[in-house]
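Step one of this worksheet: look at the structure below.
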Amino acid sequence: MAVGGKMVGMPARAVPYLKVLVHLLCLVPFLGLLWMYKTGALANEPDPVNFLTHATGKWALWILLADLAITPVRRLSVKLAWMIRFRRMVGLYAFFYATLHLMIYVFLFSGYDVPTAIAGLRAGHLGEPFRQFKLVWPTMLGDLMKRRFIQVGLFAWVILLALAVTSPQRVLRAMGGKNWQRLHRLIYVAAAAACIHFWWLVKTGVLRPWKDTAVLTVLLLARVVYWLWKRRATAVQTAVATV
Amino acid sequence: MGAAAVASSLFPVKAHATPTKLATVTSPYKVNETMTPERIAQSYNNFYEFGNQKDEPARNAQKLRTRPWTVQVEGLVQKPQTLDIDTIMKYRPIEDRTYRFRCVEAWSMVIPWNGYPLAEFIKAMNPLPSAKFVQFLTLSDSKQMPELSGAGYTQYSEGLRMDEAMNPLTLLTFGSYGETLANQQGAPIRVIVPWKYGFKSAKSIVKIRFVDKKPRTTWNDLNADEYGFYSNVNPTVDHPRWTQAHERRLDGTGGIFPKTIPTLPFNGYANEVAGMYQGMDLRKYY
């Protein structure tokens, strides 16, 4: 019931509470990692860096997929129109986890010596973190030049970065709705790139990414179906109008 | 509740059902580096027949029955035969050897293994002069190996050139940390080839075959670009998906930070093994 500008299906006053809930849900994986760090469970993992890399990568992709599910689900009923208000927020969380994933690669996976960098800082050698970075930089550059799974992963992150910085209302207004929408359609490319990143990093014969890929395929197909259905509906309407 | 208690309740190691203490003798092969805790060595394994995630073998390997167990010796030998595991274990004194263990995935451990040189066993089998390679076949039984169907192969196969198999470093292995191997480590019998990437060290062996041609090996079959027949640890030959120049040493000392160390040619065993590859282009024969 869209009466007097009220939200359909969901009382407007419920939305702030729901927002808090969605924030909390999106933070659960991060808080879980913090908890593991606090209790020592993370340090007790046989290979903590590997664990962190996989955990953050997985959550970045899952939250990105959850974000892409919002629009098709919302289209199922006019009563679900309120869901659109969560799209930006969930997308920003996907960016948050993707950034954690990247930072873990840069500062832990690469071989960057965090303890030495911190010890250097404490001893007043402000250049130490930079010096440590210079030691691992060639490895990372090599990865970037040679490894396609790194390239496609970074590509996905750069897209998410562009979407994140253009996400505020002010930017939307400055850019104009059409341009903004065109740019933000790149989220499909980012999601596809993230899935390819996953496929290219697992060993031959390991089919672990298939579930994520299936979900993404369904979410993209849902859009195609909707677009076809809408085009047909418009065509029928136009036909009716001309008659 | 302490951190260790939290961790052990979160990540219980179940498959280590009945470890038996082994009577061992000392050996000069001992790496003087921090040893990987048993807990880590037995909860972070690649054994795809029990699942392709690192923690799965420890959870899924309890169905593996390690007794009765026989090893079939066949191919180019004077007398093909089937040997009982307990007979094999008693053939020579079991040594304590601490080796570096370098996985192709760029992590490494330092593990005390218990076994005797494979060379001793091979000599006892009297291979024919025509035998140029040794092939090792792993158990393939979906009743005991719940993830065998998802492993990507039907029976794990590995192989060594005869001189590699006869090298004093190559260990026919029955235990680690002074006890029989945990199932997820490849109980009851495996080989350890410390200068090669870990996947060359076949686990839960049921067949040892002497052959005249290079045998097919599982990872080489699955992806020849990434996994060569030799697969000697080599910091100058990258894996297509990552560098092999350094490795994360998993010894439980780094907290959440990785202990990243340079990878050594032949995993630090160049003195003992480099001679076998003289004149070979190790970039070609990776």
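Identifiers in the structure tokens: chain A, B, ... in order shown; residue index from 1 per chain; ligand index from 1 in order shown.
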Distance cut-off 9 Å, counting only C-alpha atoms - which residues of chain A neighbour chain B? Return them as a PDB file with N, CA and C atoms, in the first residue's frame.
ATOM      1  N   TYR A  37      41.153 -14.174  17.440  1.00  0.00           N
ATOM      2  CA  TYR A  37      42.429 -13.546  17.754  1.00  0.00           C
ATOM      3  C   TYR A  37      42.578 -13.391  19.267  1.00  0.00           C
ATOM      4  N   LYS A  38      41.498 -12.889  19.894  1.00  0.00           N
ATOM      5  CA  LYS A  38      41.518 -12.644  21.338  1.00  0.00           C
ATOM      6  C   LYS A  38      41.765 -13.915  22.135  1.00  0.00           C
ATOM      7  N   THR A  39      41.078 -14.998  21.747  1.00  0.00           N
ATOM      8  CA  THR A  39      41.179 -16.223  22.535  1.00  0.00           C
ATOM      9  C   THR A  39      42.446 -17.009  22.222  1.00  0.00           C
ATOM     10  N   GLY A  40      43.135 -16.604  21.179  1.00  0.00           N
ATOM     11  CA  GLY A  40      44.333 -17.354  20.796  1.00  0.00           C
ATOM     12  C   GLY A  40      44.035 -18.464  19.811  1.00  0.00           C
ATOM     13  N   ALA A  41      42.765 -18.643  19.485  1.00  0.00           N
ATOM     14  CA  ALA A  41      42.399 -19.722  18.556  1.00  0.00           C
ATOM     15  C   ALA A  41      43.027 -19.478  17.187  1.00  0.00           C
ATOM     16  N   LEU A  42      43.166 -18.206  16.827  1.00  0.00           N
ATOM     17  CA  LEU A  42      43.736 -17.888  15.517  1.00  0.00           C
ATOM     18  C   LEU A  42      45.223 -18.258  15.475  1.00  0.00           C
ATOM     19  N   ALA A  43      45.943 -17.900  16.543  1.00  0.00           N
ATOM     20  CA  ALA A  43      47.362 -18.234  16.604  1.00  0.00           C
ATOM     21  C   ALA A  43      47.551 -19.750  16.656  1.00  0.00           C
ATOM     22  N   ASN A  44      46.535 -20.456  17.147  1.00  0.00           N
ATOM     23  CA  ASN A  44      46.611 -21.907  17.240  1.00  0.00           C
ATOM     24  C   ASN A  44      46.254 -22.620  15.957  1.00  0.00           C
ATOM     25  N   GLU A  45      45.744 -21.869  14.990  1.00  0.00           N
ATOM     26  CA  GLU A  45      45.513 -22.457  13.674  1.00  0.00           C
ATOM     27  C   GLU A  45      46.876 -22.911  13.134  1.00  0.00           C
ATOM     28  N   PRO A  46      46.926 -24.048  12.464  1.00  0.00           N
ATOM     29  CA  PRO A  46      48.221 -24.487  11.943  1.00  0.00           C
ATOM     30  C   PRO A  46      48.845 -23.442  11.008  1.00  0.00           C
ATOM     31  N   ASP A  47      48.019 -22.797  10.202  1.00  0.00           N
ATOM     32  CA  ASP A  47      48.521 -21.839   9.217  1.00  0.00           C
ATOM     33  C   ASP A  47      47.622 -20.597   9.259  1.00  0.00           C
ATOM     34  N   PRO A  48      47.830 -19.730  10.266  1.00  0.00           N
ATOM     35  CA  PRO A  48      46.886 -18.620  10.491  1.00  0.00           C
ATOM     36  C   PRO A  48      46.667 -17.739   9.263  1.00  0.00           C
ATOM     37  N   VAL A  49      47.732 -17.473   8.522  1.00  0.00           N
ATOM     38  CA  VAL A  49      47.611 -16.565   7.376  1.00  0.00           C
ATOM     39  C   VAL A  49      46.720 -17.172   6.295  1.00  0.00           C
ATOM     40  N   LEU A 108      50.593  -9.889   5.148  1.00  0.00           N
ATOM     41  CA  LEU A 108      50.910 -11.160   5.808  1.00  0.00           C
ATOM     42  C   LEU A 108      51.359 -12.222   4.813  1.00  0.00           C
ATOM     43  N   PHE A 109      50.580 -12.417   3.769  1.00  0.00           N
ATOM     44  CA  PHE A 109      50.869 -13.496   2.832  1.00  0.00           C
ATOM     45  C   PHE A 109      52.167 -13.256   2.062  1.00  0.00           C
ATOM     46  N   SER A 110      52.418 -12.002   1.745  1.00  0.00           N
ATOM     47  CA  SER A 110      53.573 -11.663   0.913  1.00  0.00           C
ATOM     48  C   SER A 110      54.900 -11.980   1.586  1.00  0.00           C
ATOM     49  N   GLY A 111      54.867 -12.200   2.889  1.00  0.00           N
ATOM     50  CA  GLY A 111      56.113 -12.389   3.619  1.00  0.00           C
ATOM     51  C   GLY A 111      56.536 -11.116   4.352  1.00  0.00           C
ATOM     52  N   TYR A 112      55.717 -10.071   4.267  1.00  0.00           N
ATOM     53  CA  TYR A 112      55.986  -8.819   4.984  1.00  0.00           C
ATOM     54  C   TYR A 112      56.170  -9.124   6.460  1.00  0.00           C
ATOM     55  N   ASP A 113      57.264  -8.601   7.023  1.00  0.00           N
ATOM     56  CA  ASP A 113      57.602  -8.928   8.404  1.00  0.00           C
ATOM     57  C   ASP A 113      56.975  -7.908   9.356  1.00  0.00           C
ATOM     58  N   VAL A 114      55.726  -8.146   9.724  1.00  0.00           N
ATOM     59  CA  VAL A 114      55.000  -7.199  10.581  1.00  0.00           C
ATOM     60  C   VAL A 114      55.697  -7.006  11.940  1.00  0.00           C
ATOM     61  N   PRO A 115      56.076  -8.084  12.633  1.00  0.00           N
ATOM     62  CA  PRO A 115      56.710  -7.872  13.946  1.00  0.00           C
ATOM     63  C   PRO A 115      57.942  -6.978  13.864  1.00  0.00           C
ATOM     64  N   THR A 139      58.293  -9.539  -4.795  1.00  0.00           N
ATOM     65  CA  THR A 139      57.456 -10.746  -4.825  1.00  0.00           C
ATOM     66  C   THR A 139      56.039 -10.403  -5.278  1.00  0.00           C
ATOM     67  N   GLY A 142      55.950  -9.456  -8.894  1.00  0.00           N
ATOM     68  CA  GLY A 142      56.045 -10.697  -9.671  1.00  0.00           C
ATOM     69  C   GLY A 142      54.707 -11.394  -9.754  1.00  0.00           C
ATOM     70  N   ASP A 143      54.033 -11.493  -8.598  1.00  0.00           N
ATOM     71  CA  ASP A 143      52.703 -12.106  -8.566  1.00  0.00           C
ATOM     72  C   ASP A 143      51.770 -11.392  -9.531  1.00  0.00           C
ATOM     73  N   LYS A 146      52.741 -12.031 -13.201  1.00  0.00           N
ATOM     74  CA  LYS A 146      52.745 -13.391 -13.728  1.00  0.00           C
ATOM     75  C   LYS A 146      51.455 -14.176 -13.491  1.00  0.00           C
ATOM     76  N   ARG A 147      50.687 -13.793 -12.445  1.00  0.00           N
ATOM     77  CA  ARG A 147      49.625 -14.719 -12.041  1.00  0.00           C
ATOM     78  C   ARG A 147      48.237 -14.146 -12.314  1.00  0.00           C
ATOM     79  N   ARG A 148      47.542 -14.874 -13.187  1.00  0.00           N
ATOM     80  CA  ARG A 148      46.252 -14.337 -13.625  1.00  0.00           C
ATOM     81  C   ARG A 148      45.231 -14.320 -12.494  1.00  0.00           C
ATOM     82  N   PHE A 149      45.334 -15.235 -11.536  1.00  0.00           N
ATOM     83  CA  PHE A 149      44.335 -15.207 -10.462  1.00  0.00           C
ATOM     84  C   PHE A 149      44.519 -13.988  -9.567  1.00  0.00           C
ATOM     85  N   ILE A 150      45.779 -13.520  -9.453  1.00  0.00           N
ATOM     86  CA  ILE A 150      46.041 -12.288  -8.709  1.00  0.00           C
ATOM     87  C   ILE A 150      45.483 -11.096  -9.502  1.00  0.00           C
ATOM     88  N   TRP A 200      40.542 -19.897 -10.513  1.00  0.00           N
ATOM     89  CA  TRP A 200      41.932 -19.929 -10.964  1.00  0.00           C
ATOM     90  C   TRP A 200      42.905 -20.202  -9.823  1.00  0.00           C
ATOM     91  N   LEU A 201      42.480 -20.050  -8.594  1.00  0.00           N
ATOM     92  CA  LEU A 201      43.440 -20.269  -7.515  1.00  0.00           C
ATOM     93  C   LEU A 201      43.379 -21.682  -6.960  1.00  0.00           C
ATOM     94  N   LYS A 203      43.305 -25.852  -7.011  1.00  0.00           N
ATOM     95  CA  LYS A 203      44.013 -26.841  -7.817  1.00  0.00           C
ATOM     96  C   LYS A 203      43.080 -27.473  -8.842  1.00  0.00           C
ATOM     97  N   THR A 204      43.678 -27.975  -9.911  1.00  0.00           N
ATOM     98  CA  THR A 204      42.914 -28.694 -10.927  1.00  0.00           C
ATOM     99  C   THR A 204      42.113 -29.808 -10.264  1.00  0.00           C
ATOM    100  N   GLY A 205      40.875 -29.932 -10.638  1.00  0.00           N
ATOM    101  CA  GLY A 205      40.075 -31.025 -10.095  1.00  0.00           C
ATOM    102  C   GLY A 205      39.330 -30.633  -8.827  1.00  0.00           C
ATOM    103  N   VAL A 206      39.736 -29.529  -8.194  1.00  0.00           N
ATOM    104  CA  VAL A 206      39.015 -29.074  -7.005  1.00  0.00           C
ATOM    105  C   VAL A 206      37.838 -28.224  -7.473  1.00  0.00           C
ATOM    106  N   LEU A 207      36.646 -28.630  -7.078  1.00  0.00           N
ATOM    107  CA  LEU A 207      35.451 -27.956  -7.594  1.00  0.00           C
ATOM    108  C   LEU A 207      34.808 -27.043  -6.560  1.00  0.00           C
TER     109      LEU A 207
END
Near region 77-82 of chain B, counting only C-alpha atoms, which residues have an atom at most 7 Å away, once you skip same-chain residues fewer than 6 positions from it, shown as a ChimeraX atom specification? /B:70-71,125-128,210
Pull the helix (DSSP H, G or I) assignments for region 54-136 of chain B out of DSSP run on the backbone, and list those residues as a ChimeraX atom specification. /B:56-63,85-90,118-125
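Restricting the calculation to only C-alpha atoms, the smallest distance between Val73 (chain B) and any of B:Gln135, B:Asn271, B:Asn183, B:Thr20 is found for B:Gln135.
As for CA of Pro188 (chain B) and CA of Trp113 (chain B), they are spaced 12.6 Å apart.
Note that CA of Phe198 (chain A) and CA of Asp221 (chain B) are 22.1 Å apart.
Residues with any atom within 12 Å of Asn32 (chain B), counting only C-alpha atoms and excluding same-chain neighbours fewer than 2 positions away, are Pro28, Tyr29, Lys30, Thr34, Met35, Thr36, Arg97, Thr98, Tyr99, Arg100, Val110, Ile111, Pro112 and Gly268 of chain B.
Closest approach to Thr138 (chain B) among B:Lys200, B:Lys123, B:Arg161, B:Lys207: B:Lys207, based on only C-alpha atoms.
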As an exercise, work out the distance from CA of Thr66 (chain B) to CA of Ile189 (chain B) in Å and give it to one decimal place. 9.0 Å
Which residues come within 9 Å of Thr236 (chain B), counting only C-alpha atoms, excluding same-chain residues fewer than 2 positions away, as a list in words? Asn234, Asp238, Thr243, Gln244, Ala245, Pro265 and Arg283 of chain B
Any idea what's packed within 9 Å of region 95-107 of chain A, counting only C-alpha atoms, ignoring anything in its chain fewer than 2 positions away? Could you give it as a PDB file with N, CA and C atoms, in the first residue's frame?
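That gives us part.pdb:
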ATOM      1  N   PHE A  30      33.620 -10.778  10.888  1.00  0.00           N
ATOM      2  CA  PHE A  30      34.747  -9.985  11.359  1.00  0.00           C
ATOM      3  C   PHE A  30      34.920 -10.136  12.869  1.00  0.00           C
ATOM      4  N   VAL A  49      47.732 -17.473   8.522  1.00  0.00           N
ATOM      5  CA  VAL A  49      47.611 -16.565   7.376  1.00  0.00           C
ATOM      6  C   VAL A  49      46.720 -17.172   6.295  1.00  0.00           C
ATOM      7  N   LEU A  52      43.170 -16.885   7.499  1.00  0.00           N
ATOM      8  CA  LEU A  52      42.637 -15.521   7.368  1.00  0.00           C
ATOM      9  C   LEU A  52      42.362 -15.166   5.907  1.00  0.00           C
ATOM     10  N   THR A  53      43.270 -15.560   5.040  1.00  0.00           N
ATOM     11  CA  THR A  53      43.105 -15.243   3.627  1.00  0.00           C
ATOM     12  C   THR A  53      41.827 -15.884   3.092  1.00  0.00           C
ATOM     13  N   HIS A  54      41.674 -17.164   3.399  1.00  0.00           N
ATOM     14  CA  HIS A  54      40.497 -17.859   2.889  1.00  0.00           C
ATOM     15  C   HIS A  54      39.214 -17.349   3.515  1.00  0.00           C
ATOM     16  N   ALA A  55      39.246 -17.100   4.832  1.00  0.00           N
ATOM     17  CA  ALA A  55      38.035 -16.641   5.519  1.00  0.00           C
ATOM     18  C   ALA A  55      37.566 -15.301   4.951  1.00  0.00           C
ATOM     19  N   THR A  56      38.485 -14.340   4.803  1.00  0.00           N
ATOM     20  CA  THR A  56      38.067 -13.017   4.332  1.00  0.00           C
ATOM     21  C   THR A  56      37.640 -13.064   2.862  1.00  0.00           C
ATOM     22  N   GLY A  57      38.341 -13.886   2.074  1.00  0.00           N
ATOM     23  CA  GLY A  57      37.975 -14.012   0.666  1.00  0.00           C
ATOM     24  C   GLY A  57      36.583 -14.602   0.506  1.00  0.00           C
ATOM     25  N   LYS A  58      36.327 -15.643   1.282  1.00  0.00           N
ATOM     26  CA  LYS A  58      35.026 -16.309   1.240  1.00  0.00           C
ATOM     27  C   LYS A  58      33.904 -15.345   1.611  1.00  0.00           C
ATOM     28  N   TRP A  59      34.109 -14.596   2.694  1.00  0.00           N
ATOM     29  CA  TRP A  59      33.054 -13.685   3.140  1.00  0.00           C
ATOM     30  C   TRP A  59      32.857 -12.525   2.188  1.00  0.00           C
ATOM     31  N   ALA A  60      33.935 -12.056   1.585  1.00  0.00           N
ATOM     32  CA  ALA A  60      33.789 -10.975   0.598  1.00  0.00           C
ATOM     33  C   ALA A  60      32.878 -11.446  -0.535  1.00  0.00           C
ATOM     34  N   LEU A  61      33.132 -12.658  -1.006  1.00  0.00           N
ATOM     35  CA  LEU A  61      32.343 -13.181  -2.128  1.00  0.00           C
ATOM     36  C   LEU A  61      30.899 -13.454  -1.699  1.00  0.00           C
ATOM     37  N   ILE A  63      29.142 -12.120   0.719  1.00  0.00           N
ATOM     38  CA  ILE A  63      28.378 -10.888   0.973  1.00  0.00           C
ATOM     39  C   ILE A  63      28.080 -10.174  -0.346  1.00  0.00           C
ATOM     40  N   LEU A  64      29.011 -10.255  -1.269  1.00  0.00           N
ATOM     41  CA  LEU A  64      28.767  -9.682  -2.596  1.00  0.00           C
ATOM     42  C   LEU A  64      27.576 -10.396  -3.260  1.00  0.00           C
ATOM     43  N   VAL A  90      25.142  -3.329   2.183  1.00  0.00           N
ATOM     44  CA  VAL A  90      25.687  -4.687   2.054  1.00  0.00           C
ATOM     45  C   VAL A  90      26.857  -4.681   1.066  1.00  0.00           C
ATOM     46  N   GLY A  91      26.706  -3.899   0.001  1.00  0.00           N
ATOM     47  CA  GLY A  91      27.798  -3.776  -0.973  1.00  0.00           C
ATOM     48  C   GLY A  91      29.060  -3.229  -0.336  1.00  0.00           C
ATOM     49  N   LEU A  92      28.888  -2.255   0.555  1.00  0.00           N
ATOM     50  CA  LEU A  92      30.063  -1.687   1.230  1.00  0.00           C
ATOM     51  C   LEU A  92      30.724  -2.727   2.143  1.00  0.00           C
ATOM     52  N   TYR A  93      29.928  -3.601   2.721  1.00  0.00           N
ATOM     53  CA  TYR A  93      30.524  -4.673   3.523  1.00  0.00           C
ATOM     54  C   TYR A  93      31.320  -5.647   2.653  1.00  0.00           C
ATOM     55  N   PHE A 109      50.580 -12.417   3.769  1.00  0.00           N
ATOM     56  CA  PHE A 109      50.869 -13.496   2.832  1.00  0.00           C
ATOM     57  C   PHE A 109      52.167 -13.256   2.062  1.00  0.00           C
ATOM     58  N   SER A 110      52.418 -12.002   1.745  1.00  0.00           N
ATOM     59  CA  SER A 110      53.573 -11.663   0.913  1.00  0.00           C
ATOM     60  C   SER A 110      54.900 -11.980   1.586  1.00  0.00           C
ATOM     61  N   GLY A 111      54.867 -12.200   2.889  1.00  0.00           N
ATOM     62  CA  GLY A 111      56.113 -12.389   3.619  1.00  0.00           C
ATOM     63  C   GLY A 111      56.536 -11.116   4.352  1.00  0.00           C
ATOM     64  N   TYR A 112      55.717 -10.071   4.267  1.00  0.00           N
ATOM     65  CA  TYR A 112      55.986  -8.819   4.984  1.00  0.00           C
ATOM     66  C   TYR A 112      56.170  -9.124   6.460  1.00  0.00           C
ATOM     67  N   ASP A 113      57.264  -8.601   7.023  1.00  0.00           N
ATOM     68  CA  ASP A 113      57.602  -8.928   8.404  1.00  0.00           C
ATOM     69  C   ASP A 113      56.975  -7.908   9.356  1.00  0.00           C
ATOM     70  N   VAL A 114      55.726  -8.146   9.724  1.00  0.00           N
ATOM     71  CA  VAL A 114      55.000  -7.199  10.581  1.00  0.00           C
ATOM     72  C   VAL A 114      55.697  -7.006  11.940  1.00  0.00           C
ATOM     73  N   PHE A 133      58.614  -3.192   3.518  1.00  0.00           N
ATOM     74  CA  PHE A 133      57.770  -3.271   2.335  1.00  0.00           C
ATOM     75  C   PHE A 133      58.618  -3.425   1.074  1.00  0.00           C
ATOM     76  N   VAL A 136      59.525  -7.033   0.286  1.00  0.00           N
ATOM     77  CA  VAL A 136      58.540  -7.965  -0.271  1.00  0.00           C
ATOM     78  C   VAL A 136      57.913  -7.454  -1.568  1.00  0.00           C
ATOM     79  N   TRP A 137      58.167  -6.193  -1.868  1.00  0.00           N
ATOM     80  CA  TRP A 137      57.559  -5.585  -3.051  1.00  0.00           C
ATOM     81  C   TRP A 137      57.827  -6.384  -4.328  1.00  0.00           C
ATOM     82  N   MET A 140      55.509  -9.308  -4.711  1.00  0.00           N
ATOM     83  CA  MET A 140      54.135  -8.927  -5.053  1.00  0.00           C
ATOM     84  C   MET A 140      54.031  -8.485  -6.503  1.00  0.00           C
ATOM     85  N   GLY A 153      41.726 -10.977  -9.388  1.00  0.00           N
ATOM     86  CA  GLY A 153      41.294 -10.638  -8.030  1.00  0.00           C
ATOM     87  C   GLY A 153      41.447  -9.147  -7.758  1.00  0.00           C
ATOM     88  N   LEU A 154      42.591  -8.613  -8.164  1.00  0.00           N
ATOM     89  CA  LEU A 154      42.824  -7.182  -7.955  1.00  0.00           C
ATOM     90  C   LEU A 154      41.843  -6.353  -8.784  1.00  0.00           C
ATOM     91  N   ALA A 156      38.802  -7.152  -9.565  1.00  0.00           N
ATOM     92  CA  ALA A 156      37.519  -7.149  -8.843  1.00  0.00           C
ATOM     93  C   ALA A 156      37.562  -6.132  -7.705  1.00  0.00           C
ATOM     94  N   TRP A 157      38.691  -6.096  -6.990  1.00  0.00           N
ATOM     95  CA  TRP A 157      38.786  -5.169  -5.863  1.00  0.00           C
ATOM     96  C   TRP A 157      38.754  -3.718  -6.341  1.00  0.00           C
ATOM     97  N   LEU A 160      35.262  -2.740  -6.955  1.00  0.00           N
ATOM     98  CA  LEU A 160      34.560  -2.504  -5.694  1.00  0.00           C
ATOM     99  C   LEU A 160      34.991  -1.176  -5.064  1.00  0.00           C
ATOM    100  N   LEU A 161      36.278  -0.855  -5.206  1.00  0.00           N
ATOM    101  CA  LEU A 161      36.770   0.430  -4.691  1.00  0.00           C
ATOM    102  C   LEU A 161      36.058   1.592  -5.385  1.00  0.00           C
ATOM    103  N   LEU A 163      33.187   1.580  -6.817  1.00  0.00           N
ATOM    104  CA  LEU A 163      31.787   1.625  -6.410  1.00  0.00           C
ATOM    105  C   LEU A 163      31.665   2.183  -4.991  1.00  0.00           C
ATOM    106  N   ALA A 164      32.615   1.832  -4.142  1.00  0.00           N
ATOM    107  CA  ALA A 164      32.560   2.307  -2.756  1.00  0.00           C
ATOM    108  C   ALA A 164      32.743   3.825  -2.692  1.00  0.00           C
TER     109      ALA A 164
END
